[in-house]
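Asks: Quick one: this structure, given as C-alpha cells, is what I'll be asking you about.
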Amino acid sequence: MKDIQTPPISRETMRADILHHLKFTVGKDPAHASVYDWRLALSHALRDRIVEPWFASTRKTWEQDQKRVYYLSMEYLIGRIIEDAAINLGLKEIAAEALADLGQDFDVLVHDEPDAALGNGGLGRLAACYMDSMATVGCPGYGYGLRYEHGLFRQRFEMGQQVETPEDWLTQRHPWEFERPEAAYVVPFRGHVETRDGKAVWVPSETVIATAFDTPLVGWQGRWANTLRLWGARPSTMFDLDRFNRGDYRAAEEPEILARTLTRVLYPDDTTHAGKELRLKQEFFLTSASIQDILRRYLETHDDLSAFDRHVAIQMNDTHPALAGPELIRLFIDEHGMDFEPAMTLAWKVLGYTNHTLLPEALERWSTWMIGTVLPRHMQIIEMIDAAHRAAHPSRPASVDIVRNNEVHMGELAFVMSHKVNGVSALHTELVKTELFPELHRLHPDRIINETNGITPRRWLKLANPGLADLVTETIGGGWEADLDRLEELAPHVEDAGFRAAFMQVKHQNKARTANWIAETCGMRIDPDALFDVQVKRIHEYKRQLLNIFETIARWHRIKQNPDADFVPRVKIFGGKSAPGYAVAKEIIHLINDVGHVINNDPDMRDRLKVVYPANYNVTMAERLIPAADLSEQISTAGMEASGTGNMKLSLNGALTIGTLDGANVEIRERVGAENFFLFGLTAEEVLARRRNVNHAREAIEQNEDLKIVLQLIAEGRFSPDQPERYHGLVHRAWNSDYFLVASDFADYQRAQADVDAMFRDRDEWARRAAINTARMGFFSSDRAIRGYMKDIWGARSAL
C-alpha cells in the first residue's frame with residue numbers, strides 16, 4: 001500500500017490557513033491579535049495538516065487488523081509541539097515565510113508556547129522520543145498517560161533554595177488536543193468484595209470517570225501518525241445541590257475534589273499516608289482507564305478474546321503501570337467470564353515491562369493494607385498470581401514472592417506478569433539479571449533482554465541544533481533524519497580542517513546564543529570562549545551533582561591560591577529539579593547555588609570560573625543548553641544509572657563526555673572510541689567491593705588533601721556565612737557514610753578534569769574529537785530502539 005503522506009502546500013495556502021483560524025477559531029482579526037492569538041492560529045493550521053495522516057493511519061490499521069502497541073507511562077515529557085510538528089511535516093520554512101508575510105516571527109511564536117507539564121526527567125522524555133519513533137517507523141500504537149493540570153512543579157530559587165510552585169500550562173488553551181467525551185470509563189476504588197453465585201463481585205464505594213484527550217503525534221515526513229491519549233478525571237456523581245443549598249459547601253464538592261485531585265500533579269509527595277494513597281490511585285486510574293479502552297477497541301472488531309494477544313501488545317514503562325496485570329485479569333474474569341488460569345496466561349502474553357532503575361524507590365512497594373483498602377479485588381488477584389507462580393516453581397525462594405513482609409512488590413509483580421522484561425543498556429540489563437532479579441532470572445532465564453535506549457534525531461539534532469543539522473546535510477546529504485546510522489559518513493570529513501572549523505563555528509554560535517540567554521534570564525555574563533561544562537538532569541544523590549560541585553570548590557580554591565596561574569576558563573552549568581520531599585537532593589541544590597554565589601562574586605576568578613544554575617529545567621531549556629555544551633557530565637556511581645539519554649543528546653551535539661562506566665556510557669564509549677571519552681571512577685564491581693569496607697569514605701578523604709579542604713570550607717560556613725552550620729549534616733554524611741562513593745571517586749574525577757583542561761587548550765584536537773562524537777552516535781537513535789522492541793517484545797510490524 002502506498003505510504004501515507006501529507007501533500008505539500010504553498011506559502012499562500014499556509015497564510016490563508018493561519019488567517020482562517022485566527023478569525024474563525026481564535027476569534028480575532030489581524031489588527032488586534034496578540035502573539036498568543038497568532039500562536040493558536042498557527043498551531044491549528046499545523047494541526048489540520050496532521051489530522052489527515054492521523055485519520056489515514058487509523059483507517060489502515062483497522063482495515064488490515066494490525067497489531068497495535070499500547071505504551072503505558074506516567075510521564076510524557078513532550079516539550080513544545082509547534083516546531084516539532086512543523087519539522088516532521090516539512091512545513092517549518094513555509095510556515096515561517098507565511099507568518100513573515102503577515103508581519104509575524106515564527107521563532108517568537110514558538111517561544112510563546114509553554115512546555116506541556118507532563119513529565120519530570122529521562123523516563124518521560126524517553127516515552128516522548130519513543131512515540132515520535134513509533135510514528136516515524138510506522139508502528140501502529142497509542143501512548144497512554146495522565147493529563148496533569150499542574151505537572152511536577154515549576155521550580156524557582158529563593159536564597160538558593162528550591163521552591164515549588166504549580167505549573168500553569170493548562171491555564172491557556174491547549175490547541176493540539178481533541179477532547180473525546182465518548183471515550184469515558186468508570187474507574188472504581190475502595191469498597192469491598194462479596195461472593196455472588198460463587199463469583200467474586202467488587203462493590204466499590206468510590207468511582208471516578210476517566211475522560212480522554214487525544215493528541216495526534218506525526219512522524220517524520222508525515223508518513224504515519226499515532227495517538228497520545230491522556231486521561232482527565234471528572235466526578236461520577238453530579239454536584240450535590242441539596243447539600244449545597246443546606247450550606248454544606250465542602251461536602252457538596254467532595255466528588256469533584258476527588259476527581260480533580262487525581263490529575264492535578266505528577267508524583268504527589270508520598271511522605272504522608274494521604275500522598276501514598278493518592279499516588280496509588282493515580283497509577284490505577286491510568287492503568288484501569290487504559291486497559292478498559294484497549295479491550296473496548298479490540299472487541300469492536302472481534303467477537304471474543306481468543307486472538308487478543310495477536311492484536312495487542314502492552315508495554316509498561318517502569319513499575320508505575322504494574323497493576324495492568326491484575327486489572328487485565330480482573331476484567332477477563334469479572335467482566336468476560338474467563339477462568340483465572342487462562343486469564344493470567346493471556347495477560348502475560350500481551351504484557352512487557354521495561355525496568356529503568358536499580359534504585360529501591362523506583363521499584364515501588366505498597367503495603368498490603370493500602371492495596372487491600374483502595375483496591376480490594378486487586379489484592380485478591382495479586383495473591384492468586386503469587387500463589388500460581390509459587391505452584392509453578394515450588395522450590396523458589398521466598399525472596400521472589402510478590403507479597404512478602406506485608407508489602408506488595410511491584411517490580412516482582414511486573415516481572416511475573418510480563419512475557420519479556422527489558423533493561424535499557426547492556427550493563428543495566430546484566431545488573432537486572434545478577435543484582436535486581438537474580439532468582440527470577442534463574443527461574444525464567446529467557447525473559448530478560450536488552451533494548452538500549454535511544455533519542456529522536458528530529459528533535460535533538462534537527463530542531464535543537466539547526467546549524468549542526470544544516471552542516472550535516474551539506475556534508476553527507478539529506479535522509480539522515482530517519483537513518484541516523486548515516487552519520488558515520490561524517491567520519492572521513494572529520495580529518496578535513498575546513499569541516500572542523502565549520503563544526504566549531506556552529507558550536508561557538510550556539511554558545512553565544514546560550515550566553516545571551518543566560519544574561520537575560522540569570523543576569524550573569526559568561527564568555528562563549530570558555531569551556532561550557534554541563535550537568536543537566538534530575539537532582540539525585542546517585543547522579544552525583546555533589547561530586548561536581550565538590551570539584552568546582554576545589555578548582556575555585558586552586559585559583560584563589562594561585563591567582564596569576566594560567567587556568568582554562570570554565571562555566572559550570574547545572575540544571576534539574578529535586579523531588580519535593582527529597583531533603584538531601586534539595587540540600588545539594590542549595591549548596592550549588594551558595595557556592596555559585598561566592599564564586600560568581602569573587603574578583604579573583606576574572607571569568608576563569610563561573611557557576612550557572614537556571615531554574616525550572618525542562619525540554620525547552622535542554623534544547624538551549626545541550627547544543628552549547630563542550631563537556632557532558634555523566635558521573636553517576638557505576639551500577640546505578642540504568643541508561644541515561646542526556647548522555648546521548650550531548651554526544652550527538654558534539655560534547656565530549658566525562659563519565660563512569662555506567663548505563664549507556666559504556667556503549668557510548670565503545671562507539672565513539674575510548675580516546676574520545678574522559679573515563680574515571682570505580683567500576684560497578686569495584687563499587688560493590690568498596691562498600692564492603694565500612695570506612696571507605698573516611699579513608700578516601702584522608703588520602704586526598706583537596707577533598708579534605710573542600711569539606712572543611714563547607715563545614716566552616718565559607719559558602720553559608722549567614723548560617724555556618726547549614727551543611728554540617730552534608731559534611732557528616734560525606735565523612736561517615738557516602739553510599740554513592742563521592743569521596744572514593746573524587747581523586748580520579750580530578751585527574752580526568754585535568755585531562756579535559758589539557759585537551760581543551762588544543763582547540764583543533766578538541767574539535768576533531770567532538771566531531772567524532774557526533775559522527776558515531778547513529779546507533780543511539782530511538783528509531784533503532786523501537787524496531788528492537790517491535791521485533792523482540794511486541795511482535796509488531798511496520799505499516800509503512
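Here's how to read the names in the C-alpha cells: chain A, B, ... by the order shown, residue numbers from 1 in each chain, ligand numbers from 1 in the order shown.
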Might you pull out every residue within 7 Å of A:His540, with only C-alpha atoms counted and same-chain residues fewer than 2 positions away left off, and present them as JSON, numbers by chain?
Replies: {"A": [538, 542, 543, 544, 578, 585]}
Asks: Pick out the closest residue to A:Glu520 from this set: A:Asp84, A:His508, A:Pro614, A:Gly232. Count only C-alpha atoms.
Replies: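 Of the candidates, the smallest distance to A:Glu520 is held by A:Pro614.
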Asks: What is the distance, in Å and to one decimal place, between atom CA of A:Tyr148 and atom CA of A:Tyr617?
Replies: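 For atom CA of A:Tyr148 relative to atom CA of A:Tyr617, the distance reads 17.8 Å.
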Asks: From the list A:Asp65, A:Glu364, A:Glu383, A:Glu327, which residue is nearest A:Gly411 when using only C-alpha atoms?
Replies: A:Glu364
Asks: Taking the chain letters and numbering used in this document, name the residues of stretch 191-275 of chain A that DSSP puts in helix (DSSP H, G or I), as a ChimeraX atom specification.
Replies: /A:220-222,241-245,249-252,254-262,273-275
Asks: Stretch 108-204 of chain A near stretch 590-612 of chain A within 9 Å: what's each residue's closest atom pair and its distance in Å to one decimal, counting only C-alpha atoms, ordered by chain then ascending residue number, as a tab-separated table?
Replies:
```
residue	atom	partner	partner_atom	distance
A:Phe157	CA	A:Asn593	CA	8.7
A:Met159	CA	A:His590	CA	8.2
A:Gly160	CA	A:Asn593	CA	5.0
A:Gln161	CA	A:His590	CA	4.9
A:Gln162	CA	A:His590	CA	7.2
```
Asks: For each of A:Glu667, A:Asp446, A:Asp309, A:Glu97, take the minimum atom-to-atom distance to A:Gln66, counting only C-alpha atoms, then give the residue where this is smallest.
Replies: A:Asp309
Asks: Counting only C-alpha atoms, which residue out of A:Leu280, A:Leu443, A:Ala622, A:Ala307 sits closest to A:Met370?
Replies: A:Leu280
Asks: For a quick check of understanding, using only C-alpha atoms, which of A:Arg784, A:Arg718, A:Lys586, A:Lys537 has the smallest distance to A:Gln634?
Replies: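 Closest to A:Gln634 of all the choices is A:Lys537.
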Asks: Restricting the calculation to only C-alpha atoms, which member of A:Arg229, A:Arg125, A:His320, A:Arg698 is positioned closest to A:Leu77?
Replies: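 Of the candidates, the smallest distance to A:Leu77 is held by A:Arg125.
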Asks: What gap, in Å, lies between atom CA of A:Val35 and atom CA of A:Asp112?
Replies: 7.4 Å
Asks: Could you write out, as a ChimeraX atom specification, all the residues of stretch 524-741 of chain A that DSSP marks as strand (DSSP E)?
Replies: /A:531-536,570-575,609-612,631-634,656-659,677-679
